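**Q** Structure provided below as structure tokens; questions to follow.
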Amino acid sequence: MLSPIKVTHLTSVHPRNDTRIFIKECCSLVNNGYDVNLVVADGLDYDKCNGVKIFDVGRLSGRIRRMINTTEAVFKKAVELNSEIYHFHDPELLAVGLKLKKNGKTVIYDVHEDVPRQIMGKPYIHKLFKPLISRFIEIYENRAARKFDAIITATPYIRNRFLKINKNTMDINNYPIIEELKNEINWDLKKNEICYIGGIGEIRGIKEIVRSMEYVKNDIRLNLGGRFSEKKVEIEVKKYKGWSSVNELGFLDRSKVKDILSKSKAGLVTLHPVTNYIDALPVKMFEYMISGIPVIASDFPLLREIIGENNCGLCVNPLDPKDIANAIDYIINNPLEAEQMAENGQKAVIEKYNWRLEEKKLINLYERLVK
């Protein structure tokens with residue numbers, strides 16, 4: 001028998017249990033007969049989970065140290081593992097990808113975010129430097145991307161950017177695994193609760209979400225799952241009147257996420273209208289849909305198209321807490337319509353917005369690369 005193709009995924013930023021990298025891509029490859037390694041930098045040592053061998057190069061504090069020392073450690077481990085395909089997930093590993101190409105390896109760059117546009121929304125970078133940094137990164141990323149064997153992107157919008165640079169570019173969308181979060185829809189058993197689950201930050205709309213709780217007319221609780229990315233924002237929103245209606249849950253594992261979604265009557269994804277979000281496909285929106293709850297989302301053209309086409313929620317002005325509150329009240333006051341939205345959203349994910357379909361694209365790409 002032929003030995004399975006050896007594949008190594010590389011990340012210096014993401015956790016070892018990252019949903020896209022580990023749960024979806026690595027596990028899908030194992031299930032399709034590949035020998036899969038995952039190199040991370042989290043300080044949690046070696047492990048083997050779901051058939052994936054996880055190698056840790058250690059965790060360093062500080063962005064600069066990580067970009068220099070951790071990147072070099074990831075490269076050394078990658079060479080040591082001597083795989084046929086390398087699949088990396090962070091722009092700071094572009095140099096690692098280029099070195100592996102020089103060593104004759106097949107290399108895939110997995111682009112999760114439109115980084116040059118994302119830079120423009122980073123609160124810790126001075127506004128005067130953002131355009132210069134953004135432009136520099138775009139030039140470097142574009143030059144590197146031409147040399148890789150394939151580019152995978154998390155959205156069609158990012159795909160269209162890279163198709164101009166590398167013809168072997170495809171979008172593999174971060175749609176949910178149906179079986180993981182699918183809940184039975186029984187509206188009578190749900191509580192008067194809504195939810196937001198994910199990274200918590202200013203441009204993700206947390207200020208407006210908490211403030212909206214001051215204006216809702218129904219007795220509603222907000223289940224808030226995730227970690228704050230900005231301490232100043234956390235301190236500020238906890239002083240808002242609406243915070244008294246918040247159930248702060250902290251980081252949730254996937255089983256707890258499913259439990260919270262099963263109890264909630266709506267899921268919020270009210271991202272701010274920054275460049276990197278306007279054309280994004282928020283993972284949480286599709287997770288809300290498969291779990292069987294209506295979506296309350298930012299009124300961006302792409303999200304409006306998906307929600308309108310599938311009649312699975314409401315679009316709001318993400319900068320207007322009163323508009324968000326009105327949408328929450330509408331869901332609570334119209335249970336029959338809300339339940340139908342929930343059913344519509346779940347059906348849409350089962351039919352077209354699911355990982356099963358994206359997995360086929362991933363495996364087809366790998367099969368082409370190893371021929």
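Ordering of the structure tokens sets the chain letters (A, B, ...), residue numbers begin anew at 1 in every chain, and ligands are numbered from 1 in the order given.
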Name all residues at most 8 Å from A:Glu25 (count only C-alpha atoms; drop same-chain ones fewer than 4 positions away) and give them as a PDB file with N, CA and C atoms, in the first residue's frame.

**A**
```
ATOM      1  N   ARG A  20     -11.568  26.776  12.065  1.00  0.00           N
ATOM      2  CA  ARG A  20     -11.270  26.616  10.643  1.00  0.00           C
ATOM      3  C   ARG A  20     -10.081  25.688  10.419  1.00  0.00           C
ATOM      4  N   ILE A  21      -8.995  25.939  11.140  1.00  0.00           N
ATOM      5  CA  ILE A  21      -7.756  25.203  10.891  1.00  0.00           C
ATOM      6  C   ILE A  21      -7.856  23.752  11.357  1.00  0.00           C
ATOM      7  N   LEU A  29      -9.052  16.545   6.329  1.00  0.00           N
ATOM      8  CA  LEU A  29      -7.956  15.880   5.625  1.00  0.00           C
ATOM      9  C   LEU A  29      -7.660  14.507   6.220  1.00  0.00           C
ATOM     10  N   GLU A 359     -15.717  21.306   2.210  1.00  0.00           N
ATOM     11  CA  GLU A 359     -14.741  20.228   2.363  1.00  0.00           C
ATOM     12  C   GLU A 359     -14.424  19.585   1.016  1.00  0.00           C
ATOM     13  N   LEU A 362     -11.914  21.615  -0.765  1.00  0.00           N
ATOM     14  CA  LEU A 362     -10.586  21.462  -0.161  1.00  0.00           C
ATOM     15  C   LEU A 362      -9.924  20.169  -0.629  1.00  0.00           C
TER      16      LEU A 362
END
```

**Q** May I have the residues within 12 Å of A:Asp114 as a PyMOL selection string, using only C-alpha atoms and disregarding those fewer than 5 positions away in the same chain?

**A** chain A and resi 90-91+119-121+134+137-138+141-142+153-162+274-280

**Q** Deliver the residues from the most recent selection as a file, using C-alpha atoms, as an mmCIF file, in the first residue's frame.

**A**
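After the write, again_19.cif holds the following:
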```
data_model
loop_
_atom_site.group_PDB
_atom_site.id
_atom_site.type_symbol
_atom_site.label_atom_id
_atom_site.label_comp_id
_atom_site.auth_asym_id
_atom_site.auth_seq_id
_atom_site.Cartn_x
_atom_site.Cartn_y
_atom_site.Cartn_z
ATOM 1 C CA ASP A 90 -0.869 33.650 8.977
ATOM 2 C CA PRO A 91 0.556 36.534 6.931
ATOM 3 C CA ILE A 119 -4.867 47.108 9.174
ATOM 4 C CA MET A 120 -7.005 50.198 8.625
ATOM 5 C CA GLY A 121 -9.279 49.086 11.466
ATOM 6 C CA SER A 134 -1.370 48.665 4.756
ATOM 7 C CA ILE A 137 1.803 44.602 3.500
ATOM 8 C CA GLU A 138 -0.286 44.457 0.320
ATOM 9 C CA GLU A 141 1.694 39.737 0.247
ATOM 10 C CA ASN A 142 0.942 40.066 -3.467
ATOM 11 C CA THR A 153 -9.416 32.376 0.898
ATOM 12 C CA ALA A 154 -12.147 32.524 3.513
ATOM 13 C CA THR A 155 -14.514 34.630 1.379
ATOM 14 C CA PRO A 156 -15.294 35.226 -2.315
ATOM 15 C CA TYR A 157 -14.313 38.887 -1.891
ATOM 16 C CA ILE A 158 -10.764 37.986 -0.852
ATOM 17 C CA ARG A 159 -10.684 35.322 -3.578
ATOM 18 C CA ASN A 160 -11.359 37.937 -6.244
ATOM 19 C CA ARG A 161 -8.390 39.979 -5.032
ATOM 20 C CA PHE A 162 -5.968 37.043 -5.204
ATOM 21 C CA VAL A 274 -15.274 49.047 8.317
ATOM 22 C CA THR A 275 -13.679 47.913 5.071
ATOM 23 C CA ASN A 276 -12.710 44.467 6.300
ATOM 24 C CA TYR A 277 -16.250 43.634 7.471
ATOM 25 C CA ILE A 278 -18.458 45.044 4.729
ATOM 26 C CA ASP A 279 -17.657 42.188 2.319
ATOM 27 C CA ALA A 280 -17.054 39.519 4.967
#
```

**Q** Would you tabulate, counting only C-alpha atoms, all residues of stretch 262-301 of chain A that have an atom at most 7 Å from an atom of stretch 180-193 of chain A, showing the closest pair of atoms and their distance in Å to one decimal, sorted by chain then ascending number, as a Markdown table?

**A**
```
| residue | atom | partner | partner_atom | distance |
| --- | --- | --- | --- | --- |
| A:Ser262 | CA | A:Asn183 | CA | 6.2 |
| A:Lys263 | CA | A:Lys190 | CA | 4.8 |
| A:Ser264 | CA | A:Glu193 | CA | 4.9 |
| A:Lys265 | CA | A:Glu193 | CA | 5.9 |
| A:Glu287 | CA | A:Leu181 | CA | 6.9 |
| A:Ile290 | CA | A:Lys182 | CA | 5.2 |
| A:Ser291 | CA | A:Lys182 | CA | 4.6 |
| A:Gly292 | CA | A:Ile185 | CA | 5.8 |
```

**Q** Go through stretch 177-228 of chain A residue by residue and, counting only C-alpha atoms, keep those with an atom at most 10 Å from stretch 241-259 of chain A; for each kept residue give the shortest atom pair and its distance in Å to one decimal, ordered by chain and increasing number, as JSON lines.

**A**
```
{"residue": "A:Glu180", "atom": "CA", "partner": "A:Lys258", "partner_atom": "CA", "distance": 7.9}
{"residue": "A:Leu181", "atom": "CA", "partner": "A:Lys258", "partner_atom": "CA", "distance": 5.4}
{"residue": "A:Lys182", "atom": "CA", "partner": "A:Lys258", "partner_atom": "CA", "distance": 7.9}
{"residue": "A:Asn183", "atom": "CA", "partner": "A:Lys258", "partner_atom": "CA", "distance": 7.7}
{"residue": "A:Glu193", "atom": "CA", "partner": "A:Asn247", "partner_atom": "CA", "distance": 9.6}
{"residue": "A:Ile194", "atom": "CA", "partner": "A:Val246", "partner_atom": "CA", "distance": 9.8}
{"residue": "A:Cys195", "atom": "CA", "partner": "A:Asn247", "partner_atom": "CA", "distance": 9.3}
{"residue": "A:Ile197", "atom": "CA", "partner": "A:Val257", "partner_atom": "CA", "distance": 7.6}
{"residue": "A:Gly198", "atom": "CA", "partner": "A:Phe251", "partner_atom": "CA", "distance": 8.3}
{"residue": "A:Gly199", "atom": "CA", "partner": "A:Phe251", "partner_atom": "CA", "distance": 9.1}
{"residue": "A:Ile200", "atom": "CA", "partner": "A:Gly250", "partner_atom": "CA", "distance": 10.0}
{"residue": "A:Lys207", "atom": "CA", "partner": "A:Gly242", "partner_atom": "CA", "distance": 9.8}
{"residue": "A:Glu208", "atom": "CA", "partner": "A:Gly242", "partner_atom": "CA", "distance": 9.8}
{"residue": "A:Ile209", "atom": "CA", "partner": "A:Gly242", "partner_atom": "CA", "distance": 8.7}
{"residue": "A:Val210", "atom": "CA", "partner": "A:Gly242", "partner_atom": "CA", "distance": 5.3}
{"residue": "A:Arg211", "atom": "CA", "partner": "A:Gly242", "partner_atom": "CA", "distance": 5.3}
{"residue": "A:Ser212", "atom": "CA", "partner": "A:Gly242", "partner_atom": "CA", "distance": 7.0}
{"residue": "A:Met213", "atom": "CA", "partner": "A:Gly242", "partner_atom": "CA", "distance": 4.7}
{"residue": "A:Glu214", "atom": "CA", "partner": "A:Gly242", "partner_atom": "CA", "distance": 4.7}
{"residue": "A:Tyr215", "atom": "CA", "partner": "A:Gly242", "partner_atom": "CA", "distance": 8.3}
{"residue": "A:Val216", "atom": "CA", "partner": "A:Gly242", "partner_atom": "CA", "distance": 9.6}
{"residue": "A:Asp219", "atom": "CA", "partner": "A:Ser245", "partner_atom": "CA", "distance": 8.7}
{"residue": "A:Ile220", "atom": "CA", "partner": "A:Ser245", "partner_atom": "CA", "distance": 7.0}
{"residue": "A:Arg221", "atom": "CA", "partner": "A:Ser245", "partner_atom": "CA", "distance": 5.1}
{"residue": "A:Leu222", "atom": "CA", "partner": "A:Val246", "partner_atom": "CA", "distance": 4.7}
{"residue": "A:Asn223", "atom": "CA", "partner": "A:Asn247", "partner_atom": "CA", "distance": 4.9}
{"residue": "A:Leu224", "atom": "CA", "partner": "A:Glu248", "partner_atom": "CA", "distance": 5.1}
{"residue": "A:Gly225", "atom": "CA", "partner": "A:Leu249", "partner_atom": "CA", "distance": 5.0}
{"residue": "A:Gly226", "atom": "CA", "partner": "A:Phe251", "partner_atom": "CA", "distance": 4.4}
{"residue": "A:Arg227", "atom": "CA", "partner": "A:Gly250", "partner_atom": "CA", "distance": 5.8}
{"residue": "A:Phe228", "atom": "CA", "partner": "A:Gly250", "partner_atom": "CA", "distance": 8.7}
```

**Q** I'd like the neighbourhood of A:Thr70 as a PyMOL selection string, where a residue qualifies if any of its atoms comes within 8 Å (using only C-alpha atoms), though same-chain residues fewer than 5 positions away should be ignored.

**A** chain A and resi 12+41+57-60+65

**Q** Write out as a PyMOL selection string the residues lying within 10 Å of A:Leu319, counting only C-alpha atoms and excluding same-chain residues fewer than 5 positions away.

**A** chain A and resi 203+205+207-209+270-273+298+324

**Q** Report as a tab-separated table the residues of stretch 146-216 of chain A within 9 Å of stretch 100-107 of chain A, each with its shortest atom pair and distance in Å (one decimal), using only C-alpha atoms, ordered by chain and increasing residue number.

**A**
```
residue	atom	partner	partner_atom	distance
A:Lys147	CA	A:Lys101	CA	7.8
A:Phe148	CA	A:Val107	CA	5.6
A:Asp149	CA	A:Val107	CA	5.5
A:Ala150	CA	A:Val107	CA	6.9
A:Ile151	CA	A:Val107	CA	8.8
```

**Q** Mind dumping the selected residues with C-alpha atoms as a short mmCIF file (atom, residue, chain, number, x, y, z; two decimals), in the first residue's frame?

**A**
```
data_model
loop_
_atom_site.label_atom_id
_atom_site.label_comp_id
_atom_site.auth_asym_id
_atom_site.auth_seq_id
_atom_site.Cartn_x
_atom_site.Cartn_y
_atom_site.Cartn_z
CA LYS A 147 4.95 32.00 -5.92
CA PHE A 148 2.68 29.64 -3.97
CA ASP A 149 1.06 26.55 -5.46
CA ALA A 150 -2.40 27.58 -4.31
CA ILE A 151 -4.21 30.32 -2.45
#
```

**Q** Per DSSP on the backbone, what are the strand (DSSP E) residues of stretch 6-231 of chain A, as a PyMOL selection string?

**A** chain A and resi 6-10+35-40+47-49+52-56+85-88+106-111+150-153+169-171+193-197+221-225

**Q** Write out, as a PDB file, in the first residue's frame, the residues just selected, with C-alpha atoms.

**A**
```pdb
ATOM      1  CA  LYS A   6       2.006  13.911   4.570  1.00  0.00           C
ATOM      2  CA  VAL A   7       0.564  17.385   5.186  1.00  0.00           C
ATOM      3  CA  THR A   8       1.595  20.034   7.706  1.00  0.00           C
ATOM      4  CA  HIS A   9      -0.541  23.024   8.662  1.00  0.00           C
ATOM      5  CA  LEU A  10       1.309  25.981  10.171  1.00  0.00           C
ATOM      6  CA  ASP A  35      -1.300  12.128   7.360  1.00  0.00           C
ATOM      7  CA  VAL A  36      -1.783  15.494   9.053  1.00  0.00           C
ATOM      8  CA  ASN A  37       0.479  17.546  11.327  1.00  0.00           C
ATOM      9  CA  LEU A  38      -0.374  20.895  12.864  1.00  0.00           C
ATOM     10  CA  VAL A  39       2.385  23.242  14.074  1.00  0.00           C
ATOM     11  CA  VAL A  40       1.267  25.829  16.659  1.00  0.00           C
ATOM     12  CA  ASP A  47      -0.641  16.231  21.514  1.00  0.00           C
ATOM     13  CA  LYS A  48      -2.563  14.040  19.125  1.00  0.00           C
ATOM     14  CA  CYS A  49      -6.264  14.696  18.677  1.00  0.00           C
ATOM     15  CA  VAL A  52      -4.004  15.177  13.938  1.00  0.00           C
ATOM     16  CA  LYS A  53      -0.471  15.335  15.405  1.00  0.00           C
ATOM     17  CA  ILE A  54       0.002  18.732  17.078  1.00  0.00           C
ATOM     18  CA  PHE A  55       3.527  20.118  17.516  1.00  0.00           C
ATOM     19  CA  ASP A  56       4.133  23.150  19.731  1.00  0.00           C
ATOM     20  CA  ILE A  85       2.317  19.789   1.360  1.00  0.00           C
ATOM     21  CA  TYR A  86       2.573  22.783   3.677  1.00  0.00           C
ATOM     22  CA  HIS A  87      -0.553  24.818   4.374  1.00  0.00           C
ATOM     23  CA  PHE A  88       0.022  28.019   6.366  1.00  0.00           C
ATOM     24  CA  THR A 106       4.163  22.367  -2.309  1.00  0.00           C
ATOM     25  CA  VAL A 107       2.816  25.371  -0.390  1.00  0.00           C
ATOM     26  CA  ILE A 108      -0.729  26.670   0.184  1.00  0.00           C
ATOM     27  CA  TYR A 109      -1.445  30.093   1.669  1.00  0.00           C
ATOM     28  CA  ASP A 110      -4.778  30.182   3.537  1.00  0.00           C
ATOM     29  CA  VAL A 111      -5.963  33.813   3.690  1.00  0.00           C
ATOM     30  CA  ALA A 150      -2.400  27.584  -4.311  1.00  0.00           C
ATOM     31  CA  ILE A 151      -4.213  30.323  -2.446  1.00  0.00           C
ATOM     32  CA  ILE A 152      -7.243  29.507  -0.305  1.00  0.00           C
ATOM     33  CA  THR A 153      -9.416  32.376   0.898  1.00  0.00           C
ATOM     34  CA  THR A 169      -7.019  30.640  -6.034  1.00  0.00           C
ATOM     35  CA  MET A 170     -10.309  29.441  -4.581  1.00  0.00           C
ATOM     36  CA  ASP A 171     -12.595  30.403  -1.747  1.00  0.00           C
ATOM     37  CA  GLU A 193     -32.757  35.706  25.612  1.00  0.00           C
ATOM     38  CA  ILE A 194     -30.659  36.822  22.682  1.00  0.00           C
ATOM     39  CA  CYS A 195     -26.980  36.159  22.161  1.00  0.00           C
ATOM     40  CA  TYR A 196     -23.693  37.405  20.845  1.00  0.00           C
ATOM     41  CA  ILE A 197     -20.902  34.822  20.669  1.00  0.00           C
ATOM     42  CA  ARG A 221     -31.311  39.043  28.681  1.00  0.00           C
ATOM     43  CA  LEU A 222     -28.228  39.144  26.469  1.00  0.00           C
ATOM     44  CA  ASN A 223     -26.021  36.044  26.560  1.00  0.00           C
ATOM     45  CA  LEU A 224     -22.535  37.391  25.856  1.00  0.00           C
ATOM     46  CA  GLY A 225     -19.999  34.687  25.055  1.00  0.00           C
TER      47      GLY A 225
END
```

**Q** One decimal, in Å: what's the spacing between atom CA of A:Asn174 and atom CA of A:Lys347?

**A**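 Going from atom CA of A:Asn174 over to atom CA of A:Lys347 covers 17.3 Å.
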